[in-house]
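Asks: Structure: protein-v4.cif, mmCIF, C-alpha atoms.
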```cif
data_work
#
loop_
_atom_site.group_PDB
_atom_site.id
_atom_site.type_symbol
_atom_site.label_atom_id
_atom_site.label_comp_id
_atom_site.auth_asym_id
_atom_site.auth_seq_id
_atom_site.Cartn_x
_atom_site.Cartn_y
_atom_site.Cartn_z
ATOM 1 C CA MET F 5 0.000 0.000 0.000
ATOM 2 C CA ARG F 6 2.882 2.355 0.775
ATOM 3 C CA LYS F 7 4.166 1.916 -2.797
ATOM 4 C CA LEU F 8 0.784 2.995 -4.123
ATOM 5 C CA ASN F 9 0.775 6.087 -1.930
ATOM 6 C CA ILE F 10 4.266 7.058 -3.142
ATOM 7 C CA LEU F 11 3.150 6.443 -6.737
ATOM 8 C CA LYS F 12 0.069 8.609 -6.169
ATOM 9 C CA THR F 13 2.188 11.420 -4.715
ATOM 10 C CA CYS F 14 4.612 11.230 -7.671
ATOM 11 C CA LEU F 15 1.729 11.285 -10.146
ATOM 12 C CA ASP F 16 0.102 14.216 -8.288
ATOM 13 C CA LEU F 17 3.344 16.181 -8.559
ATOM 14 C CA PHE F 18 3.833 15.226 -12.217
ATOM 15 C CA PHE F 19 0.255 16.195 -13.011
ATOM 16 C CA PHE F 20 0.585 19.498 -11.125
ATOM 17 C CA PHE F 21 3.730 20.509 -13.027
ATOM 18 C CA GLY F 22 2.205 19.216 -16.272
ATOM 19 C CA VAL F 23 -0.887 21.415 -15.803
ATOM 20 C CA LEU F 24 1.307 24.401 -14.906
ATOM 21 C CA SER F 25 3.458 24.005 -18.040
ATOM 22 C CA PHE F 26 0.374 23.439 -20.191
ATOM 23 C CA ALA F 27 -1.243 26.597 -18.772
ATOM 24 C CA GLY F 28 1.959 28.508 -19.572
ATOM 25 C CA ALA F 29 1.957 27.113 -23.118
ATOM 26 C CA LEU F 30 -1.741 27.962 -23.471
ATOM 27 C CA VAL F 31 -0.906 31.623 -22.821
ATOM 28 C CA LEU F 32 2.336 31.756 -24.838
ATOM 29 C CA VAL F 33 1.393 29.780 -27.971
ATOM 30 C CA PRO F 34 -1.422 32.172 -29.096
ATOM 31 C CA ILE F 35 1.023 35.081 -28.607
ATOM 32 C CA PHE F 36 3.572 33.334 -30.871
ATOM 33 C CA VAL F 37 0.908 32.310 -33.384
ATOM 34 C CA PHE F 38 -0.630 35.767 -33.783
ATOM 35 C CA ASN F 39 2.681 37.631 -33.598
ATOM 36 C CA SER F 40 3.864 38.870 -36.975
ATOM 37 C CA ASP F 41 7.565 38.724 -35.965
ATOM 38 C CA SER F 42 9.484 35.506 -36.549
ATOM 39 C CA ILE F 43 10.439 33.702 -33.345
ATOM 40 C CA GLU F 44 12.932 30.880 -32.986
ATOM 41 C CA MET F 45 12.111 28.288 -30.341
ATOM 42 C CA LYS F 46 12.984 24.794 -29.180
ATOM 43 C CA VAL F 47 10.193 22.366 -28.236
ATOM 44 C CA ASN F 48 11.065 18.869 -26.940
ATOM 45 C CA GLY F 49 14.504 19.102 -28.528
ATOM 46 C CA GLN F 50 13.113 20.160 -31.931
ATOM 47 C CA GLU F 51 14.052 23.599 -33.188
ATOM 48 C CA LEU F 52 11.291 25.592 -34.870
ATOM 49 C CA LEU F 53 11.365 28.982 -36.550
ATOM 50 C CA VAL F 54 7.847 30.393 -36.259
ATOM 51 C CA ASP F 55 7.696 32.612 -39.355
ATOM 52 C CA ASN F 56 4.989 31.064 -41.528
ATOM 53 C CA TRP F 57 1.507 29.575 -41.149
ATOM 54 C CA GLY F 58 2.831 26.025 -41.409
ATOM 55 C CA ALA F 59 5.017 26.534 -38.339
ATOM 56 C CA ARG F 60 2.142 28.243 -36.510
ATOM 57 C CA THR F 61 -0.204 25.306 -37.240
ATOM 58 C CA LEU F 62 2.525 22.910 -36.080
ATOM 59 C CA LEU F 63 2.837 24.852 -32.832
ATOM 60 C CA LEU F 64 -0.932 24.611 -32.268
ATOM 61 C CA LEU F 65 -0.877 20.841 -32.939
ATOM 62 C CA TRP F 66 1.991 20.426 -30.466
ATOM 63 C CA LEU F 67 -0.119 22.301 -27.914
ATOM 64 C CA VAL F 68 -2.988 19.822 -28.465
ATOM 65 C CA ALA F 69 -0.482 16.936 -28.125
ATOM 66 C CA ALA F 70 0.730 18.388 -24.804
ATOM 67 C CA GLY F 71 -2.904 18.689 -23.657
ATOM 68 C CA LEU F 72 -3.539 15.032 -24.516
ATOM 69 C CA PHE F 73 -0.416 13.999 -22.568
ATOM 70 C CA VAL F 74 -1.588 15.891 -19.464
ATOM 71 C CA LYS F 75 -5.049 14.300 -19.864
ATOM 72 C CA ALA F 76 -3.421 10.828 -19.996
ATOM 73 C CA ILE F 77 -1.624 11.587 -16.711
ATOM 74 C CA GLN F 78 -4.954 12.678 -15.235
ATOM 75 C CA TYR F 79 -6.649 9.375 -16.182
ATOM 76 C CA LEU F 80 -3.693 7.389 -14.821
ATOM 77 C CA ARG F 81 -3.903 9.391 -11.598
ATOM 78 C CA ARG F 82 -7.608 8.552 -11.295
ATOM 79 C CA ASN F 83 -6.789 4.853 -11.675
ATOM 80 C CA VAL F 84 -4.099 4.934 -9.012
ATOM 81 C CA LYS F 85 -6.612 6.712 -6.717
ATOM 82 C CA SER F 86 -9.038 3.818 -7.329
ATOM 83 C CA PHE F 87 -6.252 1.314 -6.528
ATOM 84 C CA VAL F 88 -5.563 3.103 -3.236
ATOM 85 C CA LYS F 89 -9.288 2.732 -2.415
ATOM 86 C CA ARG F 90 -8.924 -1.000 -3.269
ATOM 87 C CA GLU F 91 -11.282 -0.631 -6.258
ATOM 88 C CA ILE F 92 -9.114 -2.564 -8.710
ATOM 89 C CA PHE F 93 -11.162 -4.514 -11.236
ATOM 90 C CA THR F 94 -13.928 -2.025 -12.013
ATOM 91 C CA ASP F 95 -15.421 -0.631 -15.221
ATOM 92 C CA GLU F 96 -13.995 2.804 -14.458
ATOM 93 C CA VAL F 97 -10.429 1.472 -14.173
ATOM 94 C CA ILE F 98 -10.813 -0.466 -17.449
ATOM 95 C CA ARG F 99 -12.212 2.604 -19.231
ATOM 96 C CA ASN F 100 -9.504 4.876 -17.825
ATOM 97 C CA PHE F 101 -6.658 2.557 -18.900
ATOM 98 C CA ASN F 102 -8.072 2.519 -22.424
ATOM 99 C CA LYS F 103 -8.354 6.330 -22.383
ATOM 100 C CA VAL F 104 -4.738 6.653 -21.134
ATOM 101 C CA GLY F 105 -3.647 4.516 -24.104
ATOM 102 C CA ILE F 106 -5.692 6.515 -26.613
ATOM 103 C CA CYS F 107 -4.488 9.885 -25.231
ATOM 104 C CA LEU F 108 -0.817 8.790 -25.237
ATOM 105 C CA LEU F 109 -1.107 7.407 -28.771
ATOM 106 C CA GLY F 110 -2.874 10.576 -29.948
ATOM 107 C CA SER F 111 -0.254 12.743 -28.278
ATOM 108 C CA THR F 112 2.643 10.821 -29.860
ATOM 109 C CA LEU F 113 1.070 10.857 -33.323
ATOM 110 C CA LEU F 114 0.075 14.541 -33.083
ATOM 111 C CA PHE F 115 3.643 15.416 -32.175
ATOM 112 C CA GLY F 116 5.417 13.142 -34.664
ATOM 113 C CA VAL F 117 3.301 13.092 -37.846
ATOM 114 C CA PRO F 118 2.816 16.895 -38.343
ATOM 115 C CA SER F 119 6.540 17.469 -37.632
ATOM 116 C CA PHE F 120 7.377 14.913 -40.341
ATOM 117 C CA ILE F 121 4.973 16.528 -42.852
ATOM 118 C CA TYR F 122 6.170 20.050 -41.978
ATOM 119 C CA ARG F 123 9.827 19.147 -42.516
ATOM 120 C CA ALA F 124 8.966 17.402 -45.774
ATOM 121 C CA LEU F 125 6.873 20.301 -47.149
ATOM 122 C CA ILE F 126 8.621 23.393 -45.827
ATOM 123 C CA HIS F 127 12.247 22.279 -45.538
ATOM 124 C CA GLN F 128 12.053 19.611 -48.316
ATOM 125 C CA LYS F 129 13.755 17.260 -45.874
ATOM 126 C CA VAL F 130 12.194 13.832 -45.435
ATOM 127 C CA GLY F 131 13.447 11.959 -42.407
ATOM 128 C CA LEU F 132 12.064 9.878 -39.599
ATOM 129 C CA ASP F 133 13.535 10.151 -36.099
ATOM 130 C CA LEU F 134 12.619 6.768 -34.650
ATOM 131 C CA GLU F 135 15.294 7.235 -31.977
ATOM 132 C CA ILE F 136 15.146 3.547 -31.139
ATOM 133 C CA GLY F 137 17.017 3.008 -27.889
ATOM 134 C CA SER F 138 16.591 6.598 -26.769
ATOM 135 C CA PHE F 139 14.530 7.327 -23.659
ATOM 136 C CA ASP F 140 12.180 9.788 -25.344
ATOM 137 C CA SER F 141 11.723 7.798 -28.538
ATOM 138 C CA GLY F 142 8.410 7.656 -30.363
ATOM 139 C CA ILE F 143 8.546 3.852 -30.312
ATOM 140 C CA LEU F 144 8.670 3.843 -26.497
ATOM 141 C CA SER F 145 5.672 6.213 -26.330
ATOM 142 C CA VAL F 146 3.661 4.082 -28.781
ATOM 143 C CA ALA F 147 4.634 0.928 -26.847
ATOM 144 C CA LEU F 148 3.519 2.544 -23.569
ATOM 145 C CA ALA F 149 0.196 3.600 -25.131
ATOM 146 C CA LEU F 150 -0.413 0.066 -26.444
ATOM 147 C CA PHE F 151 0.645 -1.367 -23.067
ATOM 148 C CA PHE F 152 -2.108 0.627 -21.350
ATOM 149 C CA MET F 153 -4.651 -0.531 -23.948
ATOM 150 C CA VAL F 154 -3.587 -4.153 -23.379
ATOM 151 C CA LEU F 155 -3.802 -3.589 -19.609
ATOM 152 C CA SER F 156 -7.380 -2.422 -20.103
ATOM 153 C CA GLU F 157 -8.189 -5.721 -21.885
ATOM 154 C CA VAL F 158 -6.401 -7.785 -19.204
ATOM 155 C CA PHE F 159 -8.257 -5.948 -16.421
ATOM 156 C CA LYS F 160 -11.537 -6.738 -18.232
ATOM 157 C CA ILE F 161 -10.661 -10.446 -18.035
ATOM 158 C CA ALA F 162 -9.740 -10.086 -14.340
ATOM 159 C CA LYS F 163 -13.028 -8.264 -13.683
ATOM 160 C CA ASN F 164 -14.972 -11.167 -15.224
ATOM 161 C CA LEU F 165 -12.983 -13.616 -13.066
ATOM 162 C CA LYS F 166 -13.799 -11.585 -9.958
ATOM 163 C CA GLU F 167 -17.508 -11.461 -10.840
ATOM 164 C CA GLU F 168 -17.583 -15.236 -11.393
ATOM 165 C CA ASN F 169 -15.785 -15.721 -8.072
ATOM 166 C CA ASP F 170 -18.220 -13.459 -6.221
ATOM 167 C CA LEU F 171 -21.172 -15.325 -7.765
ATOM 168 C CA THR F 172 -19.784 -18.702 -6.647
ATOM 169 C CA LEU F 173 -19.342 -17.431 -3.093
ATOM 170 C CA MET L 20 -6.064 -8.939 -29.056
ATOM 171 C CA ARG L 21 -4.303 -7.534 -32.121
ATOM 172 C CA SER L 22 -2.938 -4.710 -29.961
ATOM 173 C CA ILE L 23 -0.805 -7.237 -28.022
ATOM 174 C CA ARG L 24 0.926 -8.310 -31.219
ATOM 175 C CA ILE L 25 1.588 -4.686 -32.266
ATOM 176 C CA LEU L 26 2.819 -3.967 -28.724
ATOM 177 C CA MET L 27 5.162 -6.945 -28.931
ATOM 178 C CA ILE L 28 6.627 -5.650 -32.224
ATOM 179 C CA CYS L 29 7.146 -2.154 -30.728
ATOM 180 C CA VAL L 30 8.778 -3.552 -27.575
ATOM 181 C CA ASP L 31 10.987 -5.860 -29.676
ATOM 182 C CA LEU L 32 12.117 -2.915 -31.819
ATOM 183 C CA PHE L 33 12.855 -0.764 -28.778
ATOM 184 C CA TYR L 34 14.633 -3.636 -27.038
ATOM 185 C CA LEU L 35 16.850 -4.261 -30.075
ATOM 186 C CA GLY L 36 17.629 -0.533 -30.268
ATOM 187 C CA ILE L 37 18.521 -0.189 -26.602
ATOM 188 C CA LEU L 38 20.584 -3.393 -26.726
ATOM 189 C CA SER L 39 22.640 -2.087 -29.627
ATOM 190 C CA VAL L 40 23.185 1.245 -27.815
ATOM 191 C CA ALA L 41 24.150 -0.677 -24.635
ATOM 192 C CA VAL L 42 26.664 -2.851 -26.546
ATOM 193 C CA PHE L 43 28.161 0.279 -28.151
ATOM 194 C CA MET L 44 28.474 1.967 -24.741
ATOM 195 C CA VAL L 45 30.011 -1.126 -23.116
ATOM 196 C CA PHE L 46 32.762 -0.970 -25.761
ATOM 197 C CA GLY L 47 33.231 2.700 -24.849
ATOM 198 C CA ALA L 48 33.510 1.745 -21.174
ATOM 199 C CA LEU L 49 36.090 -0.955 -22.002
ATOM 200 C CA GLY L 50 38.097 1.647 -23.919
ATOM 201 C CA MET L 51 37.967 3.948 -20.900
ATOM 202 C CA ILE L 52 39.103 1.129 -18.566
ATOM 203 C CA SER L 53 42.073 0.356 -20.813
ATOM 204 C CA TYR L 54 42.923 4.101 -20.882
ATOM 205 C CA LEU L 55 42.888 4.223 -17.070
ATOM 206 C CA ALA L 56 44.832 0.939 -16.841
ATOM 207 C CA THR L 57 47.599 2.322 -19.046
ATOM 208 C CA GLY L 58 48.116 5.274 -16.716
ATOM 209 C CA GLY L 59 45.571 7.744 -18.089
ATOM 210 C CA ASP L 60 44.335 10.559 -15.841
ATOM 211 C CA PHE L 61 41.322 9.710 -13.727
ATOM 212 C CA GLU L 62 38.474 12.209 -13.905
ATOM 213 C CA PRO L 63 35.254 12.191 -11.862
ATOM 214 C CA SER L 64 33.287 12.390 -15.120
ATOM 215 C CA SER L 65 34.501 8.818 -15.879
ATOM 216 C CA ILE L 66 32.474 7.597 -12.891
ATOM 217 C CA VAL L 67 29.414 9.462 -14.186
ATOM 218 C CA THR L 68 29.823 7.762 -17.564
ATOM 219 C CA PHE L 69 30.156 4.327 -15.904
ATOM 220 C CA VAL L 70 27.028 4.902 -13.824
ATOM 221 C CA LEU L 71 25.106 6.023 -16.900
ATOM 222 C CA ILE L 72 26.187 2.895 -18.818
ATOM 223 C CA LEU L 73 25.113 0.789 -15.842
ATOM 224 C CA CYS L 74 21.733 2.589 -15.788
ATOM 225 C CA LEU L 75 21.272 1.938 -19.497
ATOM 226 C CA ALA L 76 22.107 -1.759 -19.023
ATOM 227 C CA LEU L 77 19.631 -1.938 -16.111
ATOM 228 C CA PHE L 78 16.946 -0.278 -18.219
ATOM 229 C CA ALA L 79 17.600 -2.755 -21.060
ATOM 230 C CA TYR L 80 17.189 -5.597 -18.534
ATOM 231 C CA ALA L 81 13.892 -4.077 -17.286
ATOM 232 C CA ILE L 82 12.621 -3.901 -20.887
ATOM 233 C CA HIS L 83 13.686 -7.539 -21.342
ATOM 234 C CA LEU L 84 11.628 -8.558 -18.288
ATOM 235 C CA VAL L 85 8.549 -6.625 -19.430
ATOM 236 C CA ARG L 86 8.983 -8.183 -22.876
ATOM 237 C CA GLU L 87 8.892 -11.658 -21.325
ATOM 238 C CA ALA L 88 5.693 -10.757 -19.450
ATOM 239 C CA ILE L 89 4.073 -9.513 -22.679
ATOM 240 C CA ALA L 90 5.189 -12.737 -24.399
ATOM 241 C CA GLN L 91 3.097 -14.570 -21.772
ATOM 242 C CA PHE L 92 0.127 -12.335 -22.719
ATOM 243 C CA THR L 93 0.471 -13.354 -26.377
ATOM 244 C CA LYS L 94 0.178 -17.000 -25.256
ATOM 245 C CA GLY L 95 -3.076 -16.168 -23.474
ATOM 246 C CA GLU L 96 -1.449 -16.539 -20.044
ATOM 247 C CA PHE L 97 -2.274 -13.367 -18.137
ATOM 248 C CA PHE L 98 -2.182 -14.243 -14.466
ATOM 249 C CA ASN L 99 0.744 -16.506 -13.687
ATOM 250 C CA GLU L 100 3.874 -16.430 -11.548
ATOM 251 C CA THR L 101 6.158 -15.366 -14.443
ATOM 252 C CA VAL L 102 4.126 -12.221 -15.154
ATOM 253 C CA VAL L 103 3.951 -11.268 -11.451
ATOM 254 C CA ARG L 104 7.674 -11.936 -10.917
ATOM 255 C CA ASN L 105 8.762 -10.101 -14.073
ATOM 256 C CA PHE L 106 6.709 -6.986 -13.307
ATOM 257 C CA ARG L 107 8.097 -6.903 -9.744
ATOM 258 C CA LYS L 108 11.696 -7.423 -10.897
ATOM 259 C CA SER L 109 11.455 -4.821 -13.669
ATOM 260 C CA GLY L 110 9.963 -2.282 -11.213
ATOM 261 C CA ILE L 111 12.817 -2.877 -8.766
ATOM 262 C CA VAL L 112 15.435 -2.645 -11.543
ATOM 263 C CA VAL L 113 14.005 0.660 -12.880
ATOM 264 C CA LEU L 114 13.844 2.133 -9.352
ATOM 265 C CA PHE L 115 17.410 0.990 -8.671
ATOM 266 C CA ALA L 116 18.615 2.742 -11.845
ATOM 267 C CA VAL L 117 16.752 5.905 -10.794
ATOM 268 C CA ALA L 118 18.311 5.710 -7.299
ATOM 269 C CA LEU L 119 21.796 5.339 -8.851
ATOM 270 C CA VAL L 120 21.429 8.572 -10.818
ATOM 271 C CA LEU L 121 19.859 10.262 -7.795
ATOM 272 C CA VAL L 122 22.811 9.583 -5.460
ATOM 273 C CA LEU L 123 25.388 10.536 -8.093
ATOM 274 C CA PRO L 124 25.576 14.286 -7.274
ATOM 275 C CA PHE L 125 26.165 13.541 -3.562
ATOM 276 C CA GLY L 126 29.351 11.602 -4.250
ATOM 277 C CA PHE L 127 30.812 13.789 -6.959
ATOM 278 C CA ALA L 128 30.422 17.535 -6.885
ATOM 279 C CA GLU L 129 31.900 17.769 -10.419
ATOM 280 C CA ALA L 130 29.217 15.459 -11.712
ATOM 281 C CA ASP L 131 26.516 17.654 -10.235
ATOM 282 C CA GLU L 132 25.630 19.576 -13.382
ATOM 283 C CA LEU L 133 25.378 16.534 -15.629
ATOM 284 C CA ALA L 134 23.441 14.519 -13.071
ATOM 285 C CA ARG L 135 21.042 17.389 -12.450
ATOM 286 C CA ALA L 136 20.333 17.636 -16.168
ATOM 287 C CA ILE L 137 19.562 13.903 -16.256
ATOM 288 C CA ASN L 138 17.393 14.163 -13.125
ATOM 289 C CA ALA L 139 15.214 16.862 -14.577
ATOM 290 C CA PHE L 140 14.506 15.074 -17.826
ATOM 291 C CA MET L 141 14.343 11.417 -16.930
ATOM 292 C CA LEU L 142 14.074 10.590 -13.299
ATOM 293 C CA PHE L 143 10.538 11.584 -12.449
ATOM 294 C CA PRO L 144 8.728 9.681 -15.244
ATOM 295 C CA PHE L 145 11.025 6.697 -14.701
ATOM 296 C CA ALA L 146 10.375 6.669 -10.946
ATOM 297 C CA ILE L 147 6.641 6.665 -11.769
ATOM 298 C CA LEU L 148 7.173 3.822 -14.253
ATOM 299 C CA GLY L 149 9.079 1.742 -11.668
ATOM 300 C CA LEU L 150 6.464 2.265 -8.971
ATOM 301 C CA PHE L 151 3.652 1.552 -11.448
ATOM 302 C CA LEU L 152 5.292 -1.751 -12.426
ATOM 303 C CA LEU L 153 5.553 -2.712 -8.735
ATOM 304 C CA ALA L 154 1.875 -1.832 -8.212
ATOM 305 C CA LEU L 155 0.963 -3.853 -11.325
ATOM 306 C CA SER L 156 2.839 -6.841 -9.911
ATOM 307 C CA THR L 157 0.711 -6.708 -6.725
ATOM 308 C CA ILE L 158 -2.497 -6.340 -8.747
ATOM 309 C CA PHE L 159 -1.601 -9.245 -11.055
ATOM 310 C CA ASN L 160 -0.831 -11.322 -7.957
ATOM 311 C CA ASN L 161 -4.373 -10.579 -6.703
ATOM 312 C CA ALA L 162 -5.820 -11.565 -10.074
ATOM 313 C CA LYS L 163 -3.710 -14.744 -10.035
ATOM 314 C CA HIS L 164 -5.225 -15.755 -6.677
ATOM 315 C CA LEU L 165 -8.712 -15.001 -8.047
ATOM 316 C CA LYS L 166 -8.018 -17.232 -11.048
ATOM 317 C CA GLU L 167 -6.693 -20.042 -8.853
ATOM 318 C CA GLU L 168 -9.815 -19.856 -6.631
ATOM 319 C CA ASN L 169 -11.990 -19.885 -9.716
ATOM 320 C CA ASP L 170 -10.183 -22.901 -11.181
ATOM 321 C CA LEU L 171 -10.512 -24.754 -7.851
ATOM 322 C CA THR L 172 -14.264 -24.094 -7.742
ATOM 323 C CA LEU L 173 -14.690 -25.445 -11.242
#
```
Could you render the structure from this file as structure tokens?

Replies:
Amino acid sequence: MRKLNILKTCLDLFFFFGVLSFAGALVLVPIFVFNSDSIEMKVNGQELLVDNWGARTLLLLWLVAAGLFVKAIQYLRRNVKSFVKREIFTDEVIRNFNKVGICLLGSTLLFGVPSFIYRALIHQKVGLDLEIGSFDSGILSVALALFFMVLSEVFKIAKNLKEENDLTL
Amino acid sequence: MRSIRILMICVDLFYLGILSVAVFMVFGALGMISYLATGGDFEPSSIVTFVLILCLALFAYAIHLVREAIAQFTKGEFFNETVVRNFRKSGIVVLFAVALVLVLPFGFAEADELARAINAFMLFPFAILGLFLLALSTIFNNAKHLKEENDLTL
């Protein structure tokens, strides 16, 4: 139980800082988008010169991706809260795990695919940074998203087992 | 359960990637050892590099354990001892790697800047991942007992 409480505290902190950074981005991104001056910035290790509408759209999509990531953390936090209350194999937990997976997958795709298209169209540079083996690689994010979706399925099976068990008793 | 197969492919790809990086870094570490053995100057940053290589190797091992657990899922075995054990082990291994990077700045003041940079970017999500894997192990253990009870009743 102590592990769960530490995990909950860590997730609370992560969520808090995530919301704070997202709120900051929510204020700053419209300023950059509607500013006529060109601004050079670095987001998640990717450099971006905001001087055309393509770059501005990309910035907005990255903002949505960040929002989805924070939402995924929120759903995960809800699940850990349920675990602390010893509500483990419930419909809410199953639904939340699936939502975490969908949000993480959406966030990864919204960050990766538009960047790829933007570089191909604007800079005429086609390249895919799979970064296999790196800690912030797209593959790891996709794998994590799928892992949560699979967990949702596995928890559904466990829920059925629990219901059968309760019926027998 | 098509998502399990796609997940397996993704984990396999990532595992291969991290293994190749780990092998490359182990060669680097061997080079550094031979440099020190032949009378090269010792620098505190060498220790930081060794710890980082160790962390990477530990992370590769954690991925290997999770991969084995997912392989059990593909066989339709969800609640067995292997899955519970592998999730627990991988959680402990990830937390150990996080703890290694965390204590680094206390031992070496020169390594402070580098270690702090690593802390900020990696440690928090990885600590969450380690704890989550440990929690999952407990939950899967519960489900395993449920399954055993169910099988006994039948």

Asks: Leaving out region 8-20 of chain F and any residue of its chain fewer than 5 positions from it, which residues lie within 10 Å of it when counting all atoms listed in the file, given as a ChimeraX atom specification?

Replies: /F:25-26,73-78,80-85,87-88 /L:143-144,146-151,153-155

Asks: Quick one: apply the PyMOL selection byres ((chain F and resi 44) around 12) to the file and drop the selected residues here as a list in words.

Replies: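 For this structure, the PyMOL selection byres ((chain F and resi 44) around 12) captures Phe36, Asp41, Ser42, Ile43, Met45, Lys46, Val47, Gln50, Glu51, Leu52, Leu53, Val54, Asp55, Asn56, Ala59, Arg60 and Leu63 of chain F.
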
Asks: Take the residues just selected and output them with C-alpha atoms as a short mmCIF file (atom, residue, chain, number, x, y, z; two decimals), keeping the file's coordinate frame.

Replies:
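Listed below is the output, selection.cif:
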```
data_model
loop_
_atom_site.label_atom_id
_atom_site.label_comp_id
_atom_site.auth_asym_id
_atom_site.auth_seq_id
_atom_site.Cartn_x
_atom_site.Cartn_y
_atom_site.Cartn_z
CA PHE F 36 3.57 33.33 -30.87
CA ASP F 41 7.56 38.72 -35.97
CA SER F 42 9.48 35.51 -36.55
CA ILE F 43 10.44 33.70 -33.34
CA MET F 45 12.11 28.29 -30.34
CA LYS F 46 12.98 24.79 -29.18
CA VAL F 47 10.19 22.37 -28.24
CA GLN F 50 13.11 20.16 -31.93
CA GLU F 51 14.05 23.60 -33.19
CA LEU F 52 11.29 25.59 -34.87
CA LEU F 53 11.36 28.98 -36.55
CA VAL F 54 7.85 30.39 -36.26
CA ASP F 55 7.70 32.61 -39.35
CA ASN F 56 4.99 31.06 -41.53
CA ALA F 59 5.02 26.53 -38.34
CA ARG F 60 2.14 28.24 -36.51
CA LEU F 63 2.84 24.85 -32.83
#
```

Asks: Near region 105-110 of chain F, counting only C-alpha atoms, which residues have an atom at most 7 Å away, once you skip same-chain residues fewer than 4 positions from it, shown as number ranges by chain?

Replies: F: 72-73, 75-76, 101, 114, 146, 149-150, 152-153

Asks: Smallest atom-to-atom distance to chain L: which of F:Lys7, F:Thr94, F:Val104, F:Arg123, using all atoms listed in the file?

Replies: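 The closest residue to chain L is F:Lys7.
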
Asks: Considering all atoms listed in the file, extract the chain L residues located within 9 Å of chain F and return them as a PyMOL selection string.

Replies: chain L and resi 20+22-23+25-30+32-41+79+89+92+97-98+141+143-144+146-148+150-151+153-154+158-159+162-163+165-166+168-169+172

Asks: Mind giving me the straight-line distance from CA of Ala116 (chain L) to CA of Asn99 (chain L) in Å, one decimal?

Replies: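 So the answer is 26.3 Å.
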
Asks: On this file, the PyMOL selection byres ((chain L and resi 113) around 8) gives some set of residues; write that set as a PDB file with C-alpha atoms, in the coordinates of the input.

Replies:
```pdb
ATOM      1  CA  LEU L  77      19.631  -1.938 -16.111  1.00  0.00           C
ATOM      2  CA  PHE L  78      16.946  -0.278 -18.219  1.00  0.00           C
ATOM      3  CA  ALA L  81      13.892  -4.077 -17.286  1.00  0.00           C
ATOM      4  CA  SER L 109      11.455  -4.821 -13.669  1.00  0.00           C
ATOM      5  CA  GLY L 110       9.963  -2.282 -11.213  1.00  0.00           C
ATOM      6  CA  ILE L 111      12.817  -2.877  -8.766  1.00  0.00           C
ATOM      7  CA  VAL L 112      15.435  -2.645 -11.543  1.00  0.00           C
ATOM      8  CA  LEU L 114      13.844   2.133  -9.352  1.00  0.00           C
ATOM      9  CA  PHE L 115      17.410   0.990  -8.671  1.00  0.00           C
ATOM     10  CA  ALA L 116      18.615   2.742 -11.845  1.00  0.00           C
ATOM     11  CA  VAL L 117      16.752   5.905 -10.794  1.00  0.00           C
ATOM     12  CA  PHE L 145      11.025   6.697 -14.701  1.00  0.00           C
ATOM     13  CA  ALA L 146      10.375   6.669 -10.946  1.00  0.00           C
ATOM     14  CA  LEU L 148       7.173   3.822 -14.253  1.00  0.00           C
ATOM     15  CA  GLY L 149       9.079   1.742 -11.668  1.00  0.00           C
TER      16      GLY L 149
END
```

Asks: Would you mind reading off the distance between CA of Val67 (chain L) and CA of Met51 (chain L), one decimal, in Å?

Replies: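 Computing it gives 12.2 Å between the two atoms.
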
Asks: Contacts of Ile72 (chain L) at 9 Å or less, counting all atoms listed in the file, minus same-chain residues fewer than 3 places along, as a VMD selection string?

Replies: chain L and resid 41 44 to 45 48 67 to 69 75 to 77

Asks: Quick one: distance from CA of Asp95 (chain F) to CA of Lys160 (chain F) in Å, one decimal?

Replies: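 A separation of 7.8 Å between them.
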
Asks: Identify which of the residues L:Val70, L:Val85, L:Ala90, L:Val122 lies closest to Leu152 (chain L), counting all atoms listed in the file when measuring atom-to-atom distances.

Replies: L:Val85

Asks: As lines of an AutoDock Vina configuration file, what would the box around region 142-151 of chain L look like: edges along x, y and z, 3 Å added on every side, centre and edge lengths in Å to one decimal?

Replies:
```
center_x = 8.9
center_y = 6.6
center_z = -12.1
size_x = 16.4
size_y = 16.0
size_z = 12.3
```
